[in-house]
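**Q** What follows is the file start.txt, containing compact mmCIF, C-alpha atoms and all ligand atoms:
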```txt
# COMPACT_ATOMS: atom_id res chain seq x y z
CA MET B 1 -41.99 -18.67 -161.24
CA HIS B 2 -44.71 -20.48 -159.29
CA ASP B 3 -46.64 -23.12 -161.17
CA GLU B 4 -49.84 -23.27 -159.13
CA HIS B 5 -51.22 -26.54 -160.40
CA SER B 6 -48.65 -29.25 -160.82
CA PRO B 7 -48.05 -29.97 -157.10
CA GLN B 8 -51.74 -30.51 -156.30
CA ALA B 9 -51.64 -34.23 -156.99
CA ASP B 10 -49.35 -34.72 -153.98
CA TRP B 11 -50.95 -32.29 -151.58
CA ASP B 12 -52.64 -33.42 -148.39
CA LEU B 13 -56.26 -32.68 -147.65
CA GLU B 14 -55.42 -29.75 -145.36
CA THR B 15 -53.47 -28.07 -148.18
CA LEU B 16 -56.01 -28.80 -150.90
CA ALA B 17 -58.72 -27.29 -148.66
CA ILE B 18 -56.83 -23.99 -148.64
CA ARG B 19 -55.14 -23.86 -152.02
CA ALA B 20 -56.85 -26.03 -154.66
CA GLY B 21 -58.99 -24.58 -157.41
CA HIS B 22 -58.14 -20.88 -157.41
CA GLN B 23 -56.73 -19.60 -160.69
CA ARG B 24 -55.59 -16.06 -160.01
CA SER B 25 -56.98 -13.43 -162.37
CA HIS B 26 -54.83 -10.73 -163.99
CA GLU B 27 -55.39 -8.68 -160.80
CA GLN B 28 -53.11 -11.07 -158.86
CA GLU B 29 -55.55 -11.25 -155.95
CA HIS B 30 -54.54 -13.37 -152.97
CA GLY B 31 -58.04 -14.19 -151.68
CA GLU B 32 -60.58 -15.97 -153.88
CA PRO B 33 -62.71 -13.37 -155.72
CA ILE B 34 -66.49 -13.37 -156.23
CA PHE B 35 -67.67 -12.98 -159.83
CA PRO B 36 -71.26 -11.73 -159.46
CA THR B 37 -72.07 -11.76 -163.15
CA SER B 38 -74.77 -13.56 -165.10
CA SER B 39 -72.97 -13.47 -168.44
CA PHE B 40 -69.53 -12.95 -170.01
CA VAL B 41 -68.47 -10.87 -173.02
CA TYR B 42 -66.35 -11.57 -176.09
CA GLY B 43 -63.74 -9.65 -178.03
CA SER B 44 -65.45 -10.29 -181.35
CA ALA B 45 -68.44 -11.92 -183.02
CA ALA B 46 -66.15 -14.73 -184.17
CA GLU B 47 -64.98 -15.45 -180.60
CA ALA B 48 -68.60 -15.52 -179.41
CA ALA B 49 -69.44 -17.98 -182.18
CA ARG B 50 -66.50 -20.24 -181.26
CA LYS B 51 -67.45 -20.25 -177.57
CA PHE B 52 -71.14 -20.90 -178.21
CA GLY B 53 -70.19 -23.63 -180.67
CA GLY B 54 -67.98 -25.31 -178.08
CA GLU B 55 -64.85 -24.96 -180.26
CA GLU B 56 -63.17 -22.73 -177.71
CA PRO B 57 -63.44 -23.16 -173.94
CA GLY B 58 -64.54 -20.22 -171.81
CA ASN B 59 -67.37 -18.74 -169.83
CA ILE B 60 -70.68 -17.97 -171.51
CA TYR B 61 -73.36 -17.71 -168.84
CA SER B 62 -73.32 -18.40 -165.10
CA ARG B 63 -75.95 -21.14 -165.33
CA PHE B 64 -73.23 -23.04 -167.26
CA THR B 65 -70.00 -21.95 -165.60
CA ASN B 66 -68.84 -19.23 -163.23
CA PRO B 67 -65.27 -18.77 -161.99
CA THR B 68 -66.24 -18.56 -158.28
CA VAL B 69 -68.37 -21.67 -158.55
CA ARG B 70 -65.54 -23.42 -160.42
CA THR B 71 -63.11 -22.69 -157.58
CA PHE B 72 -65.47 -24.39 -155.12
CA GLU B 73 -66.01 -27.33 -157.50
CA GLN B 74 -62.32 -27.90 -158.13
CA ARG B 75 -61.45 -27.62 -154.45
CA LEU B 76 -64.13 -30.10 -153.36
CA ALA B 77 -63.25 -32.50 -156.22
CA ALA B 78 -59.62 -32.46 -155.09
CA MET B 79 -60.59 -33.04 -151.45
CA GLU B 80 -62.91 -35.97 -152.28
CA GLY B 81 -60.35 -37.40 -154.72
CA GLY B 82 -62.76 -37.18 -157.69
CA GLU B 83 -62.06 -36.19 -161.29
CA ARG B 84 -64.79 -33.60 -161.36
CA CYS B 85 -67.42 -31.85 -159.25
CA VAL B 86 -70.65 -30.13 -160.25
CA ALA B 87 -72.08 -27.67 -157.72
CA THR B 88 -75.84 -27.31 -157.32
CA SER B 89 -78.33 -24.97 -155.66
CA SER B 90 -78.98 -27.38 -152.74
CA GLY B 91 -78.30 -30.88 -151.51
CA MET B 92 -81.72 -31.95 -152.81
CA SER B 93 -81.01 -30.61 -156.31
CA ALA B 94 -77.70 -32.52 -156.24
CA ILE B 95 -79.67 -35.73 -155.70
CA LEU B 96 -82.35 -34.80 -158.26
CA SER B 97 -79.72 -33.88 -160.87
CA THR B 98 -77.92 -37.18 -160.30
CA ALA B 99 -81.14 -39.08 -160.93
CA LEU B 100 -82.06 -37.03 -164.02
CA ALA B 101 -78.55 -37.48 -165.41
CA LEU B 102 -78.15 -41.21 -164.89
CA LEU B 103 -81.62 -42.80 -164.77
CA GLU B 104 -84.64 -43.17 -167.03
CA ALA B 105 -88.18 -44.58 -166.82
CA GLY B 106 -88.11 -48.24 -165.83
CA ASP B 107 -84.85 -47.97 -163.89
CA GLU B 108 -84.70 -48.86 -160.22
CA ILE B 109 -82.84 -47.49 -157.21
CA VAL B 110 -81.97 -49.52 -154.13
CA ALA B 111 -81.54 -47.21 -151.15
CA SER B 112 -80.98 -47.50 -147.43
CA ARG B 113 -84.04 -47.15 -145.26
CA SER B 114 -82.45 -44.53 -143.05
CA LEU B 115 -82.26 -41.57 -145.43
CA PHE B 116 -82.82 -37.84 -145.09
CA GLY B 117 -86.62 -37.41 -145.21
CA SER B 118 -86.75 -35.22 -148.33
CA THR B 119 -84.60 -37.75 -150.18
CA VAL B 120 -87.26 -40.39 -149.57
CA SER B 121 -89.99 -38.02 -150.80
CA LEU B 122 -87.93 -37.14 -153.87
CA PHE B 123 -87.44 -40.83 -154.71
CA ASP B 124 -91.01 -41.98 -154.00
CA LYS B 125 -93.12 -39.04 -155.13
CA TYR B 126 -91.14 -37.25 -157.82
CA LEU B 127 -88.90 -39.94 -159.33
CA GLY B 128 -91.92 -42.25 -159.00
CA LYS B 129 -93.80 -39.92 -161.40
CA LEU B 130 -91.02 -40.41 -163.94
CA GLY B 131 -91.30 -44.19 -163.73
CA ILE B 132 -88.22 -44.67 -161.55
CA THR B 133 -88.90 -46.88 -158.52
CA THR B 134 -86.98 -47.22 -155.26
CA ARG B 135 -86.67 -50.19 -152.93
CA TYR B 136 -85.44 -49.64 -149.36
CA VAL B 137 -83.22 -51.95 -147.33
CA GLU B 138 -81.57 -51.96 -143.93
CA LEU B 139 -78.37 -49.90 -144.26
CA SER B 140 -75.90 -52.32 -142.70
CA ASN B 141 -77.36 -55.55 -144.13
CA LEU B 142 -75.33 -56.33 -147.29
CA ASP B 143 -77.41 -59.43 -148.08
CA ALA B 144 -80.55 -57.30 -148.11
CA TRP B 145 -78.94 -54.88 -150.58
CA GLU B 146 -77.97 -57.70 -152.90
CA ALA B 147 -81.40 -59.36 -152.65
CA ALA B 148 -83.17 -56.10 -153.60
CA ILE B 149 -81.17 -55.65 -156.81
CA THR B 150 -82.89 -56.60 -160.09
CA PRO B 151 -81.67 -56.30 -163.70
CA ALA B 152 -83.36 -52.85 -163.75
CA THR B 153 -81.32 -51.55 -160.78
CA LYS B 154 -78.99 -48.78 -161.93
CA LEU B 155 -78.18 -46.96 -158.70
CA LEU B 156 -77.46 -47.84 -155.07
CA PHE B 157 -77.84 -44.90 -152.69
CA ALA B 158 -76.80 -44.66 -149.03
CA GLU B 159 -76.00 -42.25 -146.22
CA THR B 160 -73.40 -43.53 -143.77
CA PRO B 161 -73.38 -43.02 -140.82
CA SER B 162 -77.15 -42.80 -140.72
CA ASN B 163 -79.13 -40.07 -139.03
CA PRO B 164 -79.94 -40.22 -136.11
CA LEU B 165 -78.90 -43.76 -135.11
CA SER B 166 -75.34 -43.73 -136.47
CA GLU B 167 -75.62 -47.05 -138.37
CA ILE B 168 -72.77 -47.76 -140.79
CA VAL B 169 -72.49 -49.63 -144.09
CA ASP B 170 -69.27 -51.15 -145.38
CA ILE B 171 -68.76 -48.89 -148.43
CA ALA B 172 -66.13 -51.08 -150.13
CA ALA B 173 -68.34 -54.18 -149.84
CA LEU B 174 -71.40 -52.27 -151.09
CA ALA B 175 -69.42 -50.90 -154.06
CA GLU B 176 -68.37 -54.45 -154.96
CA ILE B 177 -72.03 -55.57 -154.92
CA ALA B 178 -73.09 -52.58 -157.04
CA HIS B 179 -70.41 -53.17 -159.66
CA ARG B 180 -71.08 -56.91 -159.85
CA HIS B 181 -74.63 -55.93 -160.91
CA ASP B 182 -73.60 -53.10 -163.27
CA ALA B 183 -75.03 -50.46 -160.96
CA LEU B 184 -73.43 -47.30 -159.60
CA LEU B 185 -73.00 -46.55 -155.91
CA ALA B 186 -73.74 -43.01 -154.66
CA ILE B 187 -72.86 -42.06 -151.08
CA ASP B 188 -74.37 -38.99 -149.44
CA ASN B 189 -71.24 -37.88 -147.51
CA CYS B 190 -72.93 -35.05 -145.65
CA PHE B 191 -72.34 -36.34 -142.12
CA LEU B 192 -68.60 -36.96 -142.35
CA THR B 193 -67.34 -34.84 -145.29
CA PRO B 194 -64.01 -35.64 -147.04
CA ALA B 195 -62.20 -34.68 -143.82
CA LEU B 196 -63.48 -37.90 -142.22
CA GLN B 197 -64.52 -40.25 -145.04
CA LYS B 198 -63.51 -40.70 -148.70
CA PRO B 199 -66.18 -42.86 -150.37
CA LEU B 200 -64.57 -42.66 -153.84
CA ALA B 201 -61.33 -44.19 -152.54
CA LEU B 202 -63.43 -47.02 -151.06
CA GLY B 203 -65.00 -47.76 -154.47
CA ALA B 204 -68.12 -45.56 -154.57
CA ASP B 205 -68.84 -43.93 -157.95
CA LEU B 206 -70.47 -40.71 -156.79
CA VAL B 207 -70.32 -38.58 -153.67
CA ILE B 208 -73.25 -36.29 -152.93
CA HIS B 209 -73.19 -33.31 -150.59
CA SER B 210 -75.52 -30.90 -148.99
CA ALA B 211 -72.97 -28.07 -148.70
CA THR B 212 -75.54 -26.47 -146.41
CA LYS B 213 -74.22 -28.62 -143.57
CA TYR B 214 -70.55 -29.00 -142.58
CA LEU B 215 -68.99 -27.69 -145.83
CA ASP B 216 -70.26 -24.24 -144.92
CA GLY B 217 -70.36 -25.25 -141.29
CA GLN B 218 -71.89 -22.03 -140.01
CA GLY B 219 -75.47 -22.38 -141.19
CA ARG B 220 -75.33 -19.49 -143.64
CA ALA B 221 -76.24 -20.77 -147.12
CA ILE B 222 -78.00 -23.55 -149.05
CA GLY B 223 -76.03 -25.49 -151.65
CA GLY B 224 -75.01 -28.92 -152.87
CA ALA B 225 -72.50 -30.81 -154.99
CA VAL B 226 -71.83 -34.11 -156.74
CA VAL B 227 -68.29 -35.46 -157.16
CA GLY B 228 -67.12 -38.40 -159.28
CA ARG B 229 -65.66 -39.38 -162.63
CA ASP B 230 -65.71 -37.19 -165.75
CA LYS B 231 -68.04 -39.62 -167.53
CA GLU B 232 -70.99 -39.38 -165.13
CA LEU B 233 -70.26 -35.76 -164.15
CA GLU B 234 -70.44 -34.61 -167.78
CA GLU B 235 -74.05 -35.93 -167.83
CA LEU B 236 -74.72 -34.15 -164.54
CA PHE B 237 -73.26 -30.92 -165.86
CA GLY B 238 -75.68 -31.21 -168.79
CA VAL B 239 -78.64 -31.44 -166.40
CA VAL B 240 -77.53 -28.49 -164.26
CA ARG B 241 -76.71 -26.23 -167.22
CA THR B 242 -79.99 -27.04 -169.00
CA CYS B 243 -82.46 -27.52 -166.13
CA GLY B 244 -80.97 -24.73 -164.01
CA PRO B 245 -80.32 -25.84 -160.40
CA CYS B 246 -76.94 -24.07 -160.40
CA MET B 247 -75.07 -22.66 -157.38
CA SER B 248 -74.88 -18.88 -156.98
CA PRO B 249 -71.37 -17.34 -156.97
CA PHE B 250 -72.02 -15.77 -153.55
CA ASN B 251 -72.85 -19.14 -152.04
CA ALA B 252 -69.88 -20.78 -153.78
CA TRP B 253 -67.61 -18.18 -152.18
CA ILE B 254 -69.08 -18.91 -148.73
CA PHE B 255 -68.62 -22.67 -149.21
CA THR B 256 -65.03 -22.18 -150.43
CA LYS B 257 -64.31 -20.26 -147.20
CA GLY B 258 -65.94 -23.12 -145.32
CA LEU B 259 -63.69 -25.73 -146.94
CA GLU B 260 -60.57 -23.91 -145.73
CA THR B 261 -61.38 -24.70 -142.10
CA LEU B 262 -63.29 -27.96 -142.69
CA ASN B 263 -60.58 -30.27 -141.41
CA LEU B 264 -60.04 -28.31 -138.19
CA ARG B 265 -63.75 -27.94 -137.56
CA MET B 266 -64.54 -31.61 -138.17
CA ARG B 267 -61.84 -32.74 -135.73
CA ALA B 268 -63.17 -30.36 -133.07
CA HIS B 269 -66.79 -31.49 -133.78
CA CYS B 270 -65.68 -35.14 -133.37
CA ASP B 271 -63.87 -34.44 -130.08
CA ASN B 272 -66.90 -32.68 -128.63
CA ALA B 273 -69.31 -35.37 -129.85
CA LEU B 274 -67.25 -38.23 -128.41
CA ALA B 275 -66.94 -36.45 -125.07
CA LEU B 276 -70.69 -35.79 -125.00
CA ALA B 277 -71.52 -39.38 -126.02
CA ARG B 278 -69.36 -40.77 -123.20
CA TRP B 279 -70.96 -38.43 -120.66
CA LEU B 280 -74.51 -39.27 -121.83
CA ASP B 281 -73.65 -42.98 -121.78
CA GLN B 282 -73.08 -42.90 -118.03
CA HIS B 283 -75.95 -40.53 -117.14
CA PRO B 284 -78.63 -42.33 -115.09
CA ALA B 285 -81.51 -40.74 -117.09
CA VAL B 286 -80.11 -41.99 -120.43
CA THR B 287 -81.00 -45.54 -121.43
CA ARG B 288 -79.08 -45.75 -124.72
CA VAL B 289 -76.64 -43.69 -126.79
CA HIS B 290 -76.35 -44.24 -130.56
CA PHE B 291 -72.89 -43.16 -131.68
CA SER B 292 -70.37 -45.18 -133.68
CA GLY B 293 -67.51 -43.73 -131.62
CA LEU B 294 -68.62 -45.68 -128.53
CA GLU B 295 -67.00 -49.11 -128.14
CA HIS B 296 -70.38 -50.80 -127.56
CA HIS B 297 -71.76 -49.59 -130.92
CA PRO B 298 -72.30 -52.75 -133.01
CA GLN B 299 -70.27 -51.34 -135.92
CA HIS B 300 -67.60 -49.51 -133.96
CA ALA B 301 -64.77 -51.53 -135.55
CA LEU B 302 -66.05 -50.91 -139.10
CA ALA B 303 -66.48 -47.20 -138.37
CA ALA B 304 -62.94 -46.99 -136.96
CA ARG B 305 -61.56 -48.67 -140.08
CA GLN B 306 -63.62 -46.88 -142.74
CA GLN B 307 -63.75 -43.39 -141.25
CA GLN B 308 -61.11 -40.97 -140.02
CA GLY B 309 -63.46 -39.82 -137.27
CA PHE B 310 -66.90 -40.66 -135.89
CA GLY B 311 -68.75 -37.48 -136.83
CA ALA B 312 -70.82 -35.29 -134.55
CA VAL B 313 -74.47 -36.27 -134.90
CA LEU B 314 -75.69 -38.55 -132.14
CA GLY B 315 -78.95 -39.98 -130.87
CA PHE B 316 -79.82 -40.89 -127.30
CA GLU B 317 -82.84 -42.34 -125.54
CA VAL B 318 -84.01 -41.09 -122.15
CA LYS B 319 -85.98 -42.80 -119.36
CA GLY B 320 -89.67 -42.34 -120.07
CA GLN B 321 -91.61 -41.50 -123.21
CA ARG B 322 -92.26 -38.47 -125.40
CA GLU B 323 -92.88 -36.06 -122.50
CA ALA B 324 -89.54 -36.99 -120.98
CA ALA B 325 -87.70 -36.37 -124.26
CA TRP B 326 -89.54 -33.09 -124.80
CA SER B 327 -88.78 -31.97 -121.24
CA VAL B 328 -85.03 -32.43 -121.82
CA ILE B 329 -85.27 -30.44 -125.07
CA ASP B 330 -87.36 -27.68 -123.47
CA ALA B 331 -85.00 -27.40 -120.49
CA THR B 332 -82.13 -26.34 -122.75
CA GLN B 333 -81.31 -22.63 -122.86
CA MET B 334 -78.38 -22.58 -125.28
CA LEU B 335 -78.80 -25.48 -127.74
CA SER B 336 -80.91 -24.48 -130.74
CA ILE B 337 -84.16 -26.42 -131.06
CA THR B 338 -84.04 -27.02 -134.82
CA GLY B 339 -83.88 -29.85 -137.31
CA ASN B 340 -80.75 -28.47 -138.96
CA LEU B 341 -77.32 -30.00 -138.36
CA GLY B 342 -73.70 -29.60 -139.28
CA ASP B 343 -73.29 -26.17 -137.71
CA VAL B 344 -70.87 -24.66 -135.18
CA LYS B 345 -74.02 -24.12 -133.08
CA SER B 346 -75.22 -27.28 -131.31
CA THR B 347 -78.77 -28.24 -132.27
CA ILE B 348 -81.31 -30.53 -130.59
CA THR B 349 -84.45 -32.15 -131.97
CA HIS B 350 -87.02 -34.86 -131.30
CA PRO B 351 -86.82 -36.94 -134.50
CA GLY B 352 -90.12 -38.77 -133.90
CA THR B 353 -92.17 -35.55 -134.19
CA THR B 354 -89.93 -33.48 -136.51
CA THR B 355 -87.42 -34.90 -138.99
CA HIS B 356 -89.08 -38.34 -138.98
CA GLY B 357 -92.58 -37.16 -138.07
CA ARG B 358 -94.10 -38.18 -141.40
CA LEU B 359 -93.25 -41.86 -140.92
CA SER B 360 -96.05 -44.21 -139.83
CA ASP B 361 -95.73 -45.92 -136.42
CA ASP B 362 -94.63 -49.13 -138.18
CA GLN B 363 -92.02 -47.30 -140.23
CA LYS B 364 -90.74 -45.59 -137.08
CA ALA B 365 -90.47 -48.94 -135.30
CA ILE B 366 -88.50 -50.45 -138.20
CA ALA B 367 -86.25 -47.39 -138.41
CA GLY B 368 -85.67 -47.40 -134.63
CA ILE B 369 -87.15 -43.91 -134.13
CA SER B 370 -88.61 -44.24 -130.63
CA GLU B 371 -90.64 -41.64 -128.71
CA ASN B 372 -87.85 -41.19 -126.14
CA LEU B 373 -85.15 -40.54 -128.76
CA ILE B 374 -83.37 -37.18 -128.95
CA ARG B 375 -80.87 -36.11 -131.62
CA VAL B 376 -78.05 -33.67 -131.02
CA SER B 377 -75.78 -32.24 -133.71
CA VAL B 378 -72.80 -31.38 -131.54
CA GLY B 379 -71.35 -27.95 -132.30
CA LEU B 380 -68.21 -26.17 -131.23
CA GLU B 381 -69.35 -24.40 -128.06
CA SER B 382 -67.46 -25.44 -124.91
CA MET B 383 -68.17 -28.98 -123.78
CA ASN B 384 -68.90 -27.67 -120.29
CA ASP B 385 -71.69 -25.46 -121.59
CA ILE B 386 -73.17 -28.14 -123.88
CA ARG B 387 -73.17 -30.68 -121.02
CA GLY B 388 -74.55 -28.15 -118.57
CA ASP B 389 -77.41 -27.28 -120.92
CA LEU B 390 -78.41 -30.95 -121.26
CA ALA B 391 -77.82 -31.82 -117.59
CA ARG B 392 -80.60 -29.45 -116.50
CA GLY B 393 -83.34 -31.55 -118.13
CA LEU B 394 -81.65 -34.94 -117.68
CA ASP B 395 -80.99 -34.49 -113.96
CA ALA B 396 -84.67 -33.65 -113.48
CA LEU B 397 -85.64 -37.08 -114.89
CA VAL B 398 -83.62 -39.07 -112.38
C1 LIG B 401 -79.72 -31.64 -145.43
C2 LIG B 401 -79.45 -32.91 -146.13
C3 LIG B 401 -79.78 -33.08 -147.48
C4 LIG B 401 -80.47 -32.00 -148.29
O1 LIG B 401 -79.69 -30.88 -148.44
P1 LIG B 401 -80.27 -29.39 -148.67
O2 LIG B 401 -79.05 -28.59 -148.85
O3 LIG B 401 -81.07 -29.06 -147.46
O4 LIG B 401 -81.11 -29.45 -149.89
C5 LIG B 401 -79.47 -34.27 -148.08
N1 LIG B 401 -78.86 -35.27 -147.39
C6 LIG B 401 -78.55 -35.15 -146.08
C7 LIG B 401 -77.91 -36.28 -145.37
C8 LIG B 401 -78.84 -33.97 -145.40
O5 LIG B 401 -78.55 -33.86 -144.10
```
Please express the file's structure as C-alpha cells.
Ligand SMILES: *Cc1c(COP(=O)(O)O)cnc(C)c1O

**A**
Amino acid sequence: MHDEHSPQADWDLETLAIRAGHQRSHEQEHGEPIFPTSSFVYGSAAEAARKFGGEEPGNIYSRFTNPTVRTFEQRLAAMEGGERCVATSSGMSAILSTALALLEAGDEIVASRSLFGSTVSLFDKYLGKLGITTRYVELSNLDAWEAAITPATKLLFAETPSNPLSEIVDIAALAEIAHRHDALLAIDNCFLTPALQKPLALGADLVIHSATKYLDGQGRAIGGAVVGRDKELEELFGVVRTCGPCMSPFNAWIFTKGLETLNLRMRAHCDNALALARWLDQHPAVTRVHFSGLEHHPQHALAARQQQGFGAVLGFEVKGQREAAWSVIDATQMLSITGNLGDVKSTITHPGTTTHGRLSDDQKAIAGISENLIRVSVGLESMNDIRGDLARGLDALV
C-alpha cells in the first residue's frame, strides 16, 4: 500500500512540484480535481456543531478552506520549504493580508526603494491610513536598512532581484539584521520563485508571491500566496478567512498545474534571458544592460551564490532618450507591449512612462529609471525570434 505523505520530506523540488499536496478523494482520481463549491455539508447536526466549534477538523465554507486551494497551498509550502501557505486572491492581497495579520497602528515597515508600484501605494496610502508608516532604503545597502530601523519597526520587506534594474540584497545578512531588532523579514519572491531562490532557507520569515506571474507562467489568472511558519500563517489565515481575499478553486487548479512545470520553465526562461542579455550587451545601440547574470553586474557574485539562476527580467538602456527607447519598443512585431511579466510570452515596456510613471523626476533619478531604459520579461519563444524582433529597432538607432 502506498503511503502518499511520508516520503515528501526527502523529495526534491521537481518531485514536490508534481506530487505534493494532493490527497486523493474516494474516487481515486489521478489528476488533481477542482472542487467548485462554496460550502460543505454534514452528516448530522452534531457533526455540523463540532466543525463550526472547531472541535473537529473539516471543510465548512470555501472562504475558509477548499480542497483545491489546499492542494496548491501545500504544494507551494513544500516547494518553498515553509511550514504553511495561505493562498490569496492576488499578490497585492497577499501583501495586504500580511500587514493586517502582523502589524498594528504605530508599527513601522522598512522596505526597499525598488518595489512593485502598487506595493508602494499600498504601504503609503492604505497602510498609512491605519497608522502604519514605511521608510524606504536602497535595496543592496545593508547599513541603510539597519539605520532605518527604530524600536517600532516590525517588518522588513524586499523584492530581490529588483525590477527592472536587477539589484540584489543579501537575504541572509538582511534576515540577521531583522532578527537582531525583533523584526520579521518578508521577501517578495515573484521574480525567481522557489525554483531559483529559497528565502526561508536563507533566514527570511515570510515569502510572498504574486502567483499571477511565473507560478501560473502563462498569464491566465490572478492570485497570490504567503508562505512561512505556522505561527505567523495562522494569523494570516485568520485575516483571509474573515476579511475575504481568498483564492478561487478554479485559479488554485490553474496555479497547481503551473507549479508542475515551474522548474523546467524557469530554467528555460533563465537560458533565454542570459543569451539575450549577452547579445544586448554587445549591441552598438545599447549603452548598458542591467542583469545579475552578466559578469560586470556589481552583485553578480552574490546573485550566483544566493540564487540558483538569474531570472528572466532585464533592463537595458539605448543610445538616445525617450524617443529612441519608444522607437525600439514600437519596432517590435512579436513581443507584447505590456507591463505584465513572468509569462511564456516575452513582454516589453518603457518603465519611465508605465510601471514607474507615477514617480517624480527625483524619485526616478534615485531609482535609476532613466528615459532610455527598456524592460523585457524574457519568455520562451525562440531566441532567434526574440533577438530578431529587438534587432529591428536597435539596428535603426546605430
Ligand atoms: C505583480 C506583482 C505583485 C502584485 O501581484 P498581483 O497578483 O498583480 O496582485 C507584487 N509583487 C511583484 C514583484 C509583482 O511583480

**Q** Give the residues close to ligand LIG 401 (chain B), within 9 Å, counting all atoms listed in the file; write them as an mmCIF file with C-alpha atoms, in the coordinates of the input.

**A**
```
data_model
loop_
_atom_site.group_PDB
_atom_site.id
_atom_site.type_symbol
_atom_site.label_atom_id
_atom_site.label_comp_id
_atom_site.auth_asym_id
_atom_site.auth_seq_id
_atom_site.Cartn_x
_atom_site.Cartn_y
_atom_site.Cartn_z
ATOM 1 C CA SER B 89 -78.330 -24.970 -155.660
ATOM 2 C CA SER B 90 -78.980 -27.380 -152.740
ATOM 3 C CA GLY B 91 -78.300 -30.880 -151.510
ATOM 4 C CA MET B 92 -81.720 -31.950 -152.810
ATOM 5 C CA SER B 93 -81.010 -30.610 -156.310
ATOM 6 C CA ALA B 94 -77.700 -32.520 -156.240
ATOM 7 C CA ILE B 95 -79.670 -35.730 -155.700
ATOM 8 C CA LEU B 115 -82.260 -41.570 -145.430
ATOM 9 C CA PHE B 116 -82.820 -37.840 -145.090
ATOM 10 C CA GLY B 117 -86.620 -37.410 -145.210
ATOM 11 C CA SER B 118 -86.750 -35.220 -148.330
ATOM 12 C CA THR B 119 -84.600 -37.750 -150.180
ATOM 13 C CA GLU B 159 -76.000 -42.250 -146.220
ATOM 14 C CA THR B 160 -73.400 -43.530 -143.770
ATOM 15 C CA SER B 162 -77.150 -42.800 -140.720
ATOM 16 C CA ASN B 163 -79.130 -40.070 -139.030
ATOM 17 C CA ASP B 188 -74.370 -38.990 -149.440
ATOM 18 C CA ASN B 189 -71.240 -37.880 -147.510
ATOM 19 C CA CYS B 190 -72.930 -35.050 -145.650
ATOM 20 C CA PHE B 191 -72.340 -36.340 -142.120
ATOM 21 C CA ILE B 208 -73.250 -36.290 -152.930
ATOM 22 C CA HIS B 209 -73.190 -33.310 -150.590
ATOM 23 C CA SER B 210 -75.520 -30.900 -148.990
ATOM 24 C CA ALA B 211 -72.970 -28.070 -148.700
ATOM 25 C CA THR B 212 -75.540 -26.470 -146.410
ATOM 26 C CA LYS B 213 -74.220 -28.620 -143.570
ATOM 27 C CA ALA B 221 -76.240 -20.770 -147.120
ATOM 28 C CA ILE B 222 -78.000 -23.550 -149.050
ATOM 29 C CA GLY B 223 -76.030 -25.490 -151.650
ATOM 30 C CA GLY B 224 -75.010 -28.920 -152.870
ATOM 31 C CA ASN B 340 -80.750 -28.470 -138.960
ATOM 32 C CA LEU B 341 -77.320 -30.000 -138.360
ATOM 33 C CA GLY B 342 -73.700 -29.600 -139.280
#
```

**Q** For the atom pair CA of Val169 in chain B and CA of Lys319 in chain B, what is the interatomic distance in Å to one decimal place?

**A**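 The value is 29.0 Å.
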
**Q** Please, what distance in Å, to one decimal, runs between CA of Ala304 in chain B and CA of Glu260 in chain B?

**A**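 About the pair CA of Ala304 in chain B and CA of Glu260 in chain B: they are 24.8 Å apart.
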
**Q** Ranking B:Ala45, B:Ala252, B:Leu335, B:Leu130 by minimum distance to Gly388 in chain B and counting only C-alpha atoms, which one comes first?

**A**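 Looking at the shortest contact to Gly388 in chain B, the residue is B:Leu335.
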
**Q** Give the answer as one residue: which of B:Pro298, B:Gly320, B:Gly315, B:Gly21 has the shortest atom-to-atom distance to Ile168 in chain B, using all atoms listed in the file?

**A**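 Nearest candidate to Ile168 in chain B out of B:Pro298, B:Gly320, B:Gly315, B:Gly21: B:Pro298.
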
**Q** When distances are computed from all atoms listed in the file, which of B:Gln8, B:Gln23, B:Thr88, B:Thr68 shows the smallest separation from Pro36 in chain B?

**A**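 The closest residue to Pro36 in chain B is B:Thr68.
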
**Q** Set the distance at 10 Å and use only C-alpha atoms: which residues neighbour Ile329 in chain B once local chain neighbours fewer than 5 positions away are removed? I'd like the list as number ranges by chain.

**A** B: 323-324, 335-337, 347-350, 374-376, 389-390, 392-394
